[in-house]
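K.L.:
Handing over target_11.txt, compact mmCIF, C-alpha atoms.
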# COMPACT_ATOMS: atom_id res chain seq x y z
CA MET T 1 0.00 0.00 0.00
CA PRO T 2 1.27 3.54 -0.75
CA LEU T 3 2.31 5.97 1.93
CA ASP T 4 -0.74 7.64 3.46
CA PRO T 5 0.08 11.29 4.29
CA GLU T 6 -3.20 11.92 6.11
CA LYS T 7 -2.62 9.05 8.50
CA LEU T 8 0.90 10.29 9.13
CA LEU T 9 -0.18 13.87 9.78
CA THR T 10 -2.92 12.79 12.19
CA LEU T 11 -0.86 10.09 13.88
CA LYS T 12 -0.97 10.32 17.67
CA ILE T 13 2.38 9.20 19.01
CA PRO T 14 2.17 8.42 22.75
CA ASP T 15 4.33 10.49 25.07
CA VAL T 16 7.47 8.73 26.27
CA GLU T 17 8.56 8.92 29.91
CA HIS T 18 12.32 8.45 30.18
CA SER T 19 14.37 8.25 33.37
CA TYR T 20 18.15 8.39 33.05
CA GLY T 21 21.15 8.71 35.30
CA PRO T 22 24.93 9.15 35.36
CA ARG T 23 25.60 5.66 33.93
CA ASP T 24 23.52 6.51 30.85
CA CYS T 25 25.37 9.78 30.32
CA MET T 26 28.77 8.12 30.71
CA LEU T 27 27.89 5.19 28.44
CA TYR T 28 26.74 7.61 25.75
CA ALA T 29 30.02 9.55 25.98
CA LEU T 30 32.05 6.32 25.84
CA GLY T 31 30.01 5.29 22.79
CA LEU T 32 31.25 8.43 21.00
CA GLY T 33 34.88 7.71 21.86
CA LEU T 34 35.45 10.02 24.83
CA GLY T 35 37.88 8.59 27.33
CA ARG T 36 40.11 7.13 24.64
CA ASP T 37 42.94 8.73 26.60
CA PRO T 38 42.02 8.08 30.26
CA LEU T 39 44.42 10.83 31.36
CA ASN T 40 42.71 13.52 29.28
CA ALA T 41 41.02 15.58 32.00
CA ASP T 42 38.65 17.33 29.57
CA GLU T 43 37.19 14.05 28.30
CA LEU T 44 37.32 12.36 31.72
CA ALA T 45 34.79 14.90 32.98
CA PHE T 46 32.15 13.25 30.73
CA VAL T 47 32.93 9.61 31.62
CA TYR T 48 33.60 9.83 35.37
CA GLU T 49 30.81 10.39 37.88
CA LYS T 50 32.84 12.91 39.93
CA ASN T 51 31.48 16.32 38.92
CA LEU T 52 30.00 14.68 35.82
CA LYS T 53 29.33 16.81 32.76
CA VAL T 54 26.76 15.81 30.11
CA LEU T 55 27.38 16.12 26.38
CA PRO T 56 24.86 18.48 24.74
CA THR T 57 24.18 15.90 22.00
CA PHE T 58 22.88 13.49 24.67
CA ALA T 59 19.59 15.31 24.05
CA VAL T 60 19.03 13.16 20.96
CA MET T 61 18.67 10.09 23.22
CA LEU T 62 15.97 11.54 25.50
CA GLY T 63 12.27 10.70 25.27
CA TYR T 64 12.60 8.96 21.92
CA ALA T 65 9.49 7.23 20.54
CA ALA T 66 10.78 4.23 18.62
CA TYR T 67 9.51 2.57 15.45
CA TRP T 68 6.32 4.59 14.93
CA LEU T 69 7.02 4.65 11.18
CA ARG T 70 6.77 0.85 11.12
CA ARG T 71 2.99 0.87 11.64
CA PRO T 72 1.55 -0.97 8.61
CA GLU T 73 -1.38 1.41 8.17
CA LEU T 74 1.02 4.30 7.38
CA GLY T 75 2.25 2.61 4.18
CA VAL T 76 5.90 3.44 4.77
CA THR T 77 8.44 1.01 3.30
CA TRP T 78 10.54 0.56 6.42
CA THR T 79 13.53 -0.97 4.62
CA GLY T 80 13.84 2.21 2.55
CA VAL T 81 13.85 4.62 5.49
CA VAL T 82 17.02 6.60 6.23
CA HIS T 83 17.84 9.48 8.55
CA GLY T 84 17.95 12.70 6.52
CA GLU T 85 18.54 15.56 8.95
CA HIS T 86 18.67 16.07 12.70
CA GLY T 87 18.95 19.00 15.05
CA PHE T 88 18.38 20.12 18.61
CA THR T 89 18.04 23.30 20.66
CA LEU T 90 18.70 23.28 24.40
CA ASN T 91 16.99 25.65 26.79
CA GLU T 92 19.51 24.81 29.51
CA PRO T 93 22.45 22.42 30.02
CA LEU T 94 21.41 18.81 30.57
CA LYS T 95 21.71 17.42 34.07
CA PRO T 96 23.32 14.01 34.71
CA GLN T 97 20.09 12.60 36.12
CA GLY T 98 16.39 13.16 35.62
CA THR T 99 13.03 12.01 34.35
CA VAL T 100 11.75 13.63 31.19
CA ILE T 101 8.73 13.42 28.93
CA GLY T 102 9.25 13.22 25.18
CA ARG T 103 6.39 14.43 22.96
CA THR T 104 6.73 13.69 19.23
CA ARG T 105 4.51 14.99 16.44
CA ILE T 106 4.57 14.96 12.64
CA LEU T 107 4.92 18.39 11.08
CA ASP T 108 4.74 17.70 7.35
CA VAL T 109 4.97 15.06 4.62
CA VAL T 110 6.43 16.00 1.24
CA ASP T 111 6.11 13.90 -1.93
CA LYS T 112 9.28 14.23 -4.02
CA GLY T 113 7.75 12.19 -6.85
CA ALA T 114 7.75 8.62 -8.11
CA GLY T 115 11.20 7.11 -7.75
CA LYS T 116 12.40 10.09 -5.71
CA GLY T 117 10.99 9.24 -2.29
CA ALA T 118 9.19 11.25 0.36
CA LEU T 119 10.22 13.41 3.32
CA VAL T 120 8.63 13.19 6.75
CA TYR T 121 9.33 16.13 9.06
CA SER T 122 8.88 15.62 12.80
CA GLU T 123 9.73 17.34 16.05
CA ARG T 124 10.19 16.14 19.62
CA ALA T 125 9.75 18.35 22.67
CA ILE T 126 11.49 17.30 25.88
CA PHE T 127 10.02 18.37 29.23
CA ASP T 128 11.17 17.87 32.81
CA LYS T 129 8.52 15.58 34.32
CA ALA T 130 8.52 17.12 37.80
CA SER T 131 8.25 20.79 36.81
CA GLY T 132 6.94 20.63 33.24
CA ARG T 133 9.80 22.90 32.23
CA PRO T 134 10.77 22.61 28.53
CA LEU T 135 14.35 21.38 28.31
CA ALA T 136 14.98 20.82 24.61
CA ALA T 137 13.41 20.76 21.16
CA LEU T 138 14.56 18.33 18.47
CA ARG T 139 13.84 18.29 14.75
CA GLN T 140 14.22 15.39 12.35
CA THR T 141 13.79 14.77 8.65
CA THR T 142 13.21 11.17 7.64
CA TYR T 143 13.82 10.22 4.01
CA CYS T 144 11.49 7.45 2.84
CA ARG T 145 13.38 6.44 -0.28
CA ALA T 146 10.81 3.98 -1.65
CA ASP T 147 7.62 5.96 -0.99
CA GLY T 148 7.47 8.83 -3.47
CA GLY T 149 4.62 9.25 -5.92
CA PHE T 150 1.75 8.85 -3.46
CA GLY T 151 -0.02 11.87 -4.90
CA GLY T 152 0.99 14.52 -2.39
CA ALA T 153 1.59 18.10 -3.29
CA LYS T 154 5.08 18.68 -4.68
CA ARG T 155 6.68 21.79 -3.25
CA GLU T 156 10.03 23.26 -2.43
CA THR T 157 11.62 22.02 0.78
CA PRO T 158 13.46 24.39 3.14
CA PRO T 159 16.96 25.14 1.82
CA PRO T 160 19.85 23.71 3.84
CA HIS T 161 22.12 25.96 5.86
CA ALA T 162 24.70 27.40 3.48
CA LEU T 163 28.34 26.96 4.45
CA PRO T 164 30.54 30.07 4.11
CA ASP T 165 32.37 30.51 0.82
CA ARG T 166 35.84 30.52 2.36
CA ALA T 167 38.35 28.07 3.74
CA PRO T 168 37.38 26.60 7.12
CA ASP T 169 38.52 28.54 10.16
CA GLY T 170 39.68 25.29 11.74
CA THR T 171 39.39 21.51 11.81
CA CYS T 172 39.28 18.76 14.41
CA ASP T 173 40.14 15.13 13.63
CA LEU T 174 38.61 12.47 15.87
CA PRO T 175 39.32 8.79 15.15
CA THR T 176 36.58 6.25 15.82
CA ARG T 177 37.30 2.85 17.29
CA PRO T 178 36.42 -0.35 15.37
CA GLU T 179 33.94 -1.28 18.12
CA ILE T 180 32.34 2.18 18.43
CA ALA T 181 28.96 1.03 17.07
CA LEU T 182 28.88 -1.93 19.49
CA ILE T 183 29.17 0.49 22.41
CA TYR T 184 26.97 3.26 21.01
CA ARG T 185 24.03 0.91 20.35
CA LEU T 186 23.81 0.17 24.08
CA SER T 187 22.48 3.69 24.52
CA GLY T 188 19.28 2.68 22.75
CA ASP T 189 19.56 2.26 18.98
CA MET T 190 19.70 -1.52 18.52
CA ASN T 191 19.22 -1.54 14.75
CA PRO T 192 21.11 -4.60 13.41
CA LEU T 193 22.39 -2.50 10.50
CA HIS T 194 25.08 -1.27 12.88
CA VAL T 195 26.25 -4.64 14.19
CA ASP T 196 25.18 -7.55 11.96
CA PRO T 197 27.39 -8.04 8.85
CA GLU T 198 24.78 -10.17 7.07
CA PHE T 199 22.03 -7.62 7.70
CA ALA T 200 24.29 -4.80 6.50
CA ARG T 201 25.11 -6.63 3.26
CA ALA T 202 21.41 -7.25 2.62
CA ALA T 203 20.87 -3.48 3.02
CA GLY T 204 23.54 -2.78 0.40
CA PHE T 205 26.56 -2.03 2.61
CA PRO T 206 29.80 -4.04 2.63
CA ARG T 207 29.79 -4.09 6.44
CA PRO T 208 27.90 -2.55 9.40
CA VAL T 209 27.77 1.24 9.34
CA LEU T 210 28.02 3.66 12.22
CA HIS T 211 24.79 5.16 13.53
CA GLY T 212 24.12 8.53 11.93
CA LEU T 213 23.50 10.06 15.34
CA ALA T 214 26.84 8.68 16.52
CA THR T 215 28.53 10.57 13.67
CA PHE T 216 26.47 13.59 14.73
CA GLY T 217 27.70 13.12 18.30
CA VAL T 218 31.34 12.88 17.21
CA ALA T 219 30.93 16.16 15.32
CA GLY T 220 29.32 17.61 18.45
CA HIS T 221 32.33 16.46 20.48
CA ALA T 222 34.62 18.20 18.00
CA LEU T 223 32.71 21.49 18.32
CA LEU T 224 32.67 21.18 22.09
CA LYS T 225 36.44 20.67 22.04
CA VAL T 226 37.61 23.33 19.60
CA VAL T 227 34.90 25.99 19.92
CA CYS T 228 33.51 25.63 23.45
CA ASP T 229 36.60 24.62 25.48
CA TYR T 230 34.65 21.56 26.70
CA ASP T 231 32.02 23.75 28.39
CA PRO T 232 28.67 22.05 27.55
CA ALA T 233 26.70 25.16 28.56
CA ARG T 234 28.12 27.00 25.54
CA LEU T 235 26.78 24.65 22.82
CA THR T 236 23.07 25.46 22.75
CA ALA T 237 21.97 24.23 19.31
CA MET T 238 23.23 21.99 16.53
CA ALA T 239 21.82 20.62 13.28
CA GLY T 240 23.07 18.93 10.15
CA ARG T 241 22.18 16.87 7.08
CA PHE T 242 23.39 13.27 6.76
CA SER T 243 25.00 12.75 3.37
CA ALA T 244 27.12 9.56 3.54
CA PRO T 245 27.67 6.64 5.91
CA VAL T 246 30.66 6.23 8.21
CA TYR T 247 32.25 2.86 8.94
CA PRO T 248 33.53 2.14 12.45
CA GLY T 249 37.26 2.73 12.68
CA GLU T 250 37.30 5.68 10.28
CA THR T 251 38.48 9.18 11.22
CA ILE T 252 35.97 12.02 11.22
CA ARG T 253 37.33 15.48 10.47
CA THR T 254 34.99 18.28 11.52
CA GLU T 255 35.59 21.46 9.54
CA PHE T 256 34.11 24.63 11.00
CA TRP T 257 33.55 28.32 10.32
CA ARG T 258 32.88 30.86 13.08
CA ASP T 259 30.60 33.86 12.49
CA GLY T 260 29.79 35.37 15.85
CA GLY T 261 27.53 33.03 17.78
CA VAL T 262 26.89 30.83 14.73
CA VAL T 263 29.30 28.04 13.83
CA SER T 264 28.88 26.35 10.45
CA PHE T 265 30.38 22.89 10.08
CA ARG T 266 30.62 19.69 8.09
CA ALA T 267 32.03 16.26 8.93
CA ARG T 268 34.40 14.55 6.49
CA VAL T 269 35.51 10.89 6.48
CA MET T 270 39.26 11.17 6.02
CA GLU T 271 39.94 7.66 4.69
CA ARG T 272 37.47 8.02 1.79
CA ASP T 273 37.29 11.82 1.49
CA VAL T 274 33.49 11.89 1.61
CA ILE T 275 31.21 14.25 3.50
CA ALA T 276 29.19 12.40 6.15
CA ILE T 277 27.36 15.45 7.57
CA ASP T 278 26.84 18.56 5.47
CA HIS T 279 25.25 21.99 5.92
CA GLY T 280 25.86 21.90 9.67
CA ARG T 281 24.88 24.81 11.88
CA ALA T 282 25.52 25.28 15.60
CA GLU T 283 24.86 28.08 18.06
CA VAL T 284 27.51 28.84 20.65
CA LYS T 285 27.51 31.18 23.61
CA ALA T 286 30.54 33.39 24.21
Hey, can you dump this file as structure tokens for me?
P.N.:
Amino acid sequence: MPLDPEKLLTLKIPDVEHSYGPRDCMLYALGLGLGRDPLNADELAFVYEKNLKVLPTFAVMLGYAAYWLRRPELGVTWTGVVHGEHGFTLNEPLKPQGTVIGRTRILDVVDKGAGKGALVYSERAIFDKASGRPLAALRQTTYCRADGGFGGAKRETPPPHALPDRAPDGTCDLPTRPEIALIYRLSGDMNPLHVDPEFARAAGFPRPVLHGLATFGVAGHALLKVVCDYDPARLTAMAGRFSAPVYPGETIRTEFWRDGGVVSFRARVMERDVIAIDHGRAEVKA
């Protein structure tokens, strides 16, 4: 059955209550490669419970409603779904422990045409359960590669953030470990694409690929390191477009441009010279 835009737009996704603690924050940081040098005091602050800091990108793990696109009545071809874009805005730095409510809703569905796929835009609001205080807002674009041509209105999609037309102001190279996906998946994304060689080959990849949000987190680590001096309170927003997969063990170079409180960036896989995240935009406090 074809994708049904009306059912998607009226879909009621139940709120998700999510309790987390220091172990979750530390495991997430380890899954991005922090702590590779146990004597690096800046990274140790995110993987040791003493005066624990929380990575800003940990927001992507909070209050996530899983697998709602798999509902048969929506008509989405699940095997053709890929992560297109992701972004977050933080109202305040994340604490190392709490209970939050995640509220997800569908914003729009765009038909790119037969053979060109469809775009599903969604947002997730994160609230502190006890006070109701809004903590973060997340935005996601899901690319349904096999579901174009369902008869929806064809219209222009929002243009991506334009990178400055000059050489990057700086770069940061962060190697990933061969087992990075095995650790990262323990934070919640158990998709076999990232661990099972046979499943990955059936999906068209020579071997398991790194989670897109892990690549996003590595880029976030790079910005935190080179732009924010490892102060998580300074990185208040971040977004980017996924453009190529990363394989565990590859090195991710984050190239960045500073323009006041806005930092443009992209993430490049050094071994293959391909862009994994493009049109990145972050907001940084002085």
K.L.:
Between CA of Pro206 (chain T) and CA of Leu193 (chain T), what is the distance, to one decimal in Å?
P.N.:
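Value for the CA of Pro206 (chain T)-CA of Leu193 (chain T) distance: 10.9 Å.
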K.L.:
Dig up all the protein and nucleic acid residues within 12 Å of (10.3, 20.1, 31.4) in the file frame, using all atoms listed in the file, and format them as JSON, numbers by chain.
P.N.:
{"T": [17, 18, 62, 63, 90, 91, 92, 94, 98, 99, 100, 101, 102, 103, 125, 126, 127, 128, 129, 130, 131, 132, 133, 134, 135, 136, 137]}
K.L.:
For Thr77 (chain T), which residue among T:Leu11, T:Val263, T:Val274, T:Ala146 is the nearest when counting all atoms listed in the file?
P.N.:
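The answer is T:Ala146, which sits nearest to Thr77 (chain T).
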K.L.:
For region 222-233 of chain T, list every protein, DNA or RNA residue within 9 Å, evaluated using all atoms listed in the file, and leave out those in the same chain fewer than 4 positions away; present the list as a ChimeraX atom specification.
P.N.:
/T:42-43,53-56,92-94,170-174,217-218,253-254,256,258,263,265,282,284-286
K.L.:
With all atoms listed in the file as the counted atoms, please give the residues lying no more than 12 Å from Pro5 (chain T), apart from itself and same-chain residues fewer than 5 positions off, as a PyMOL selection string.
P.N.:
chain T and resi 10-11+69+73-76+106-111+118-121+147-153
K.L.:
Hey, which of T:Leu213, T:Ala167, T:Arg70, T:Lys7 ends up closest to Asp189 (chain T)? Count only C-alpha atoms.
P.N.:
T:Leu213
K.L.:
Have a look at T:Thr104, T:Asn191, T:Gln140, T:Ser19 and name the one nearest to Pro208 (chain T); count only C-alpha atoms.
P.N.:
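The answer is T:Asn191, which sits nearest to Pro208 (chain T).
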